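These notes concern the structure reproduced below.
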Amino acid sequence: AAVIEGSKAFSKDFMKKHGIPTAAYGNFRDYEQACAFVREAPFDVVIKASGLAGGKGVLMPTSKKEALQALKEVMVDGAFGTAGDEVVVEELLVGQEISVLAVSDGYTVVSFPAAQDHKRAYDGDKGANTGGMGAYAPAPVATAQLMEQILKTVLQPSIDGMRRDGFPFVGCLFTGFMLTADGPKVLEYNCRFGDPETEVVLPLLADECDLTEVMLAAAEGRLDAVALRFRDGYAATVVMASEGYPGAYPTGRAITLGETAADTLVFHAGTRRTGDVVETAGGRVLAVTGVGAGLQDALDRAYAGVRAIDFGGAFYRSDIGYRAIEHLRQQQQQQGGAGGLSYADAGVDIDAGNRLVDLIKPIVRGTRRAGTDSDIGGFGGVFDLRATGYADPVLVAATDGLFTKLMIAHEMGIHESVGIDL
């Protein structure tokens with residue numbers, strides 16, 4: 001059953017066979033055929049080495065030219081060794097990502113709360129992809145209705161499909177999802193607990209829930225006889241990494257571990273003990289988890305724990321949970337906030353707007369040319385016309401927001417259309 005993670009090409013064919021929603025794709029061992037697929041694809045693509053590449057085998061080009069270069073690096077230059085002998089070229093999906101860990105005995109499947117991690121190395125989702133710089137659970141975007149949909153359309157069909165295909169899955173199935181405008185679609189499977197999501201879902205287990213009993217029941221084929229229960233509240237974890245990660249990094253730096261508050265856990269990853277000294281021995285060194293009644297409580301505890309730890313060259317992201325905090329804020333506004341006019345009351349669907357932005361991002365990228373950028377979400381831009389052959393002029397564009405609309409509404413005495421943007 002481990003082949004579901006070990007070969008991305010196999011997992012994509014498995015999903016297609018069993019009607020599990022995922023991105024459009026092609027599997028290739030022939031370099032020229034892969035290039036032809038990229039040139040003809042009516043969508044932006046992602047290049048994935050089919051084999052195990054230490055979490056670094058996914059490339060996200062921003063143009064056809066970059067995609068073709070990525071194929072050359074993987075299939076011709078051998079950037080990922082034998083892991084890149086076969087590649088998956090698939091449609092770039094847009095939306096929010098969530099991770100769902102689930103336990104199965106080959107028949108029954110039960111899930112942990114959905115988590116969201118942060119793959120990029122630096123704040124604002126900048127920098128290189130990593131194995132994960134932090135996470136939180138439960139992810140507010142993963143509503144009860146969405147989790148039920150995921151169970152019915154992905155998790156149970158995956159477990160049933162593996163059993164019927166002759167390789168029943170017993171253990172922890174880690175499934176990565178993209179929440180697209182067409183519903184949740186599978187990005188990948190892992191056949192294990194994964195970091196840093198595990199560090200936020202396990203602390204949410206209820207005191208009366210014995211994980212050993214759950215695992216034993218799964219191994220013995222009686223998972224339906226036990227219950228996976230969780231405490232109310234949130235958990236958040238912040239990864240402390242060595243300078244240079246995810247590239248080359250130093251090791252052997254002494255770690256000072258200070259006192260941490262209750263409901264704070266420190267998970268060791270890239271550490272070792274030399275005599276009485278704990279030292280760094282990896283890229284991702286520690287994961288510091290906080291648990292609280294609210295997400296902000298959990299984040300505050302996690303960051304307080306981080307500040308109690310020190311080692312040379314340590315770095316971490318300071319914005320873990322920013323998506324969820326914004327989502328919760330918008331949700332509160334839609335529900336009326338402090339009793340004033342909410343976005344929903346004014347006719348604005350925040351989630352629909354975010355989905356629209358996700359849908360048009362690839363189209364916007366297609367307008368990139370010399371003299372302009374291809375980003376979306378800003379309120380102004382500068383266009384250098386010299387790059388297109390014109391002499392000297394620079395165009396400046398600006399888009400006013402909510403407060404300008406409110407000023408006009410007050411001036412005109414017309415408020416019925418304040419929430420209508422298009």
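Labels for the structure tokens follow display order: chains A, B, ..., residues from 1 in each chain, ligands from 1.
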What parts of stretch 127-315 of chain A does DSSP call strand (DSSP E)? I'd like the answer as number ranges by chain. A: 127-129, 134-137, 171-180, 183-190, 234-241, 256-257, 264-268, 271-274, 277-280, 284-292, 309-310
For A:Gly183, work out the shell of residues within 10 Å, counting only C-alpha atoms and skipping chain neighbours fewer than 4 positions away, then give it as a VMD selection string. chain A and resid 21 to 22 95 146 149 to 150 177 to 179
I'd like the neighbourhood of A:Ala269 as a ChimeraX atom specification, where a residue qualifies if any of its atoms comes within 9 Å (using only C-alpha atoms), though same-chain residues fewer than 2 positions away should be ignored. /A:267,271-272,281-287
Each residue of stretch 100-138 of chain A lying at most 9 Å from stretch 229-238 of chain A should get a row with its shortest atom-to-atom pair and the distance in Å to one decimal, counting only C-alpha atoms; could you produce that, ordered by chain and increasing number, as JSON lines?
{"residue": "A:Phe112", "atom": "CA", "partner": "A:Phe230", "partner_atom": "CA", "distance": 8.3}
{"residue": "A:Pro113", "atom": "CA", "partner": "A:Phe230", "partner_atom": "CA", "distance": 8.5}
{"residue": "A:Met133", "atom": "CA", "partner": "A:Val238", "partner_atom": "CA", "distance": 6.4}
{"residue": "A:Gly134", "atom": "CA", "partner": "A:Val238", "partner_atom": "CA", "distance": 4.5}
{"residue": "A:Ala135", "atom": "CA", "partner": "A:Thr237", "partner_atom": "CA", "distance": 5.4}
{"residue": "A:Tyr136", "atom": "CA", "partner": "A:Ala236", "partner_atom": "CA", "distance": 4.1}
{"residue": "A:Ala137", "atom": "CA", "partner": "A:Ala235", "partner_atom": "CA", "distance": 5.5}
{"residue": "A:Pro138", "atom": "CA", "partner": "A:Tyr234", "partner_atom": "CA", "distance": 6.2}
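The protein and nucleic acid residues lying at most 7 Å from A:Gly57 are A:Lys48, A:Ala49, A:Phe80, with only C-alpha atoms considered and sequence neighbours fewer than 5 positions away removed.
Counting from atom CA of A:Leu101, the distance to atom CA of A:Leu173 is 5.8 Å.
Nearest residue to A:Ala139, choosing from A:Ala409, A:Leu328, A:Leu93, A:Ile20 and counting only C-alpha atoms: A:Leu328.
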Near-A:Phe174 list (8 Å; only C-alpha atoms; drop same-chain fewer than 3 positions) as an MDAnalysis selection string: chainID A and resid 99:102 189:194
Generate the output file for the selected residues, N, CA and C atoms, as a CSV table (one decimal), in the first residue's frame.
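Everything below was put into again_38.csv:
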chain,number,residue,atom,x,y,z
A,99,SER,N,-4.7,19.7,4.9
A,99,SER,CA,-4.2,18.3,5.1
A,99,SER,C,-5.2,17.6,6.0
A,100,VAL,N,-5.5,16.4,5.6
A,100,VAL,CA,-6.4,15.5,6.5
A,100,VAL,C,-5.7,14.2,6.8
A,101,LEU,N,-5.4,14.0,8.0
A,101,LEU,CA,-4.9,12.7,8.5
A,101,LEU,C,-6.0,11.8,8.9
A,102,ALA,N,-6.0,10.6,8.5
A,102,ALA,CA,-7.1,9.6,8.8
A,102,ALA,C,-6.5,8.3,9.1
A,189,TYR,N,-1.1,11.8,-1.7
A,189,TYR,CA,-1.3,10.9,-0.6
A,189,TYR,C,0.1,10.7,0.1
A,190,ASN,N,0.1,10.6,1.4
A,190,ASN,CA,1.2,10.1,2.2
A,190,ASN,C,0.7,8.9,3.0
A,191,CYS,N,1.5,7.9,3.2
A,191,CYS,CA,1.1,6.7,3.9
A,191,CYS,C,1.6,6.7,5.3
A,192,ARG,N,1.5,7.8,6.0
A,192,ARG,CA,2.1,8.0,7.3
A,192,ARG,C,1.6,9.3,8.0
A,193,PHE,N,1.9,9.4,9.3
A,193,PHE,CA,1.7,10.8,9.9
A,193,PHE,C,2.8,11.7,9.3
A,194,GLY,N,2.5,13.0,9.1
A,194,GLY,CA,3.4,13.9,8.5
A,194,GLY,C,3.6,15.2,9.3
Taking the DSSP secondary structure from the backbone, can you list the residues of stretch 60-120 of chain A that are helix (DSSP H, G or I), as a count of residues only? 17
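In this comparison, which uses only C-alpha atoms, the residue of A:Val278, A:Ala219, A:Leu406, A:Ala304 approaching A:Thr251 most closely is A:Val278.
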Selection: 7 Å around stretch 6-11 of chain A, only C-alpha atoms, excl. self and same-chain fewer than 5 positions, as a list in words: Asn27, Ser50, Gly51, Leu52 and Val88 of chain A
Give me the residues within 10 Å of A:Lys72 as an NGL selection string, counting only C-alpha atoms and dropping any in the same chain fewer than 4 places off. :A and (31-32 or 34-35 or 66-68 or 76-79)
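For the choices A:Asn129, A:Asp182, A:Lys17, A:Gly81, the atom-to-atom distance to A:Met60 is smallest for A:Asn129 when using only C-alpha atoms.
Between atom CA of A:Lys185 and atom CA of A:Val87 there is a distance of 19.5 Å.
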Would you please work out which residue, of A:Gly106, A:Gly176, A:Gly55, A:Pro168, is nearest to A:Ala128 when using only C-alpha atoms? A:Gly55
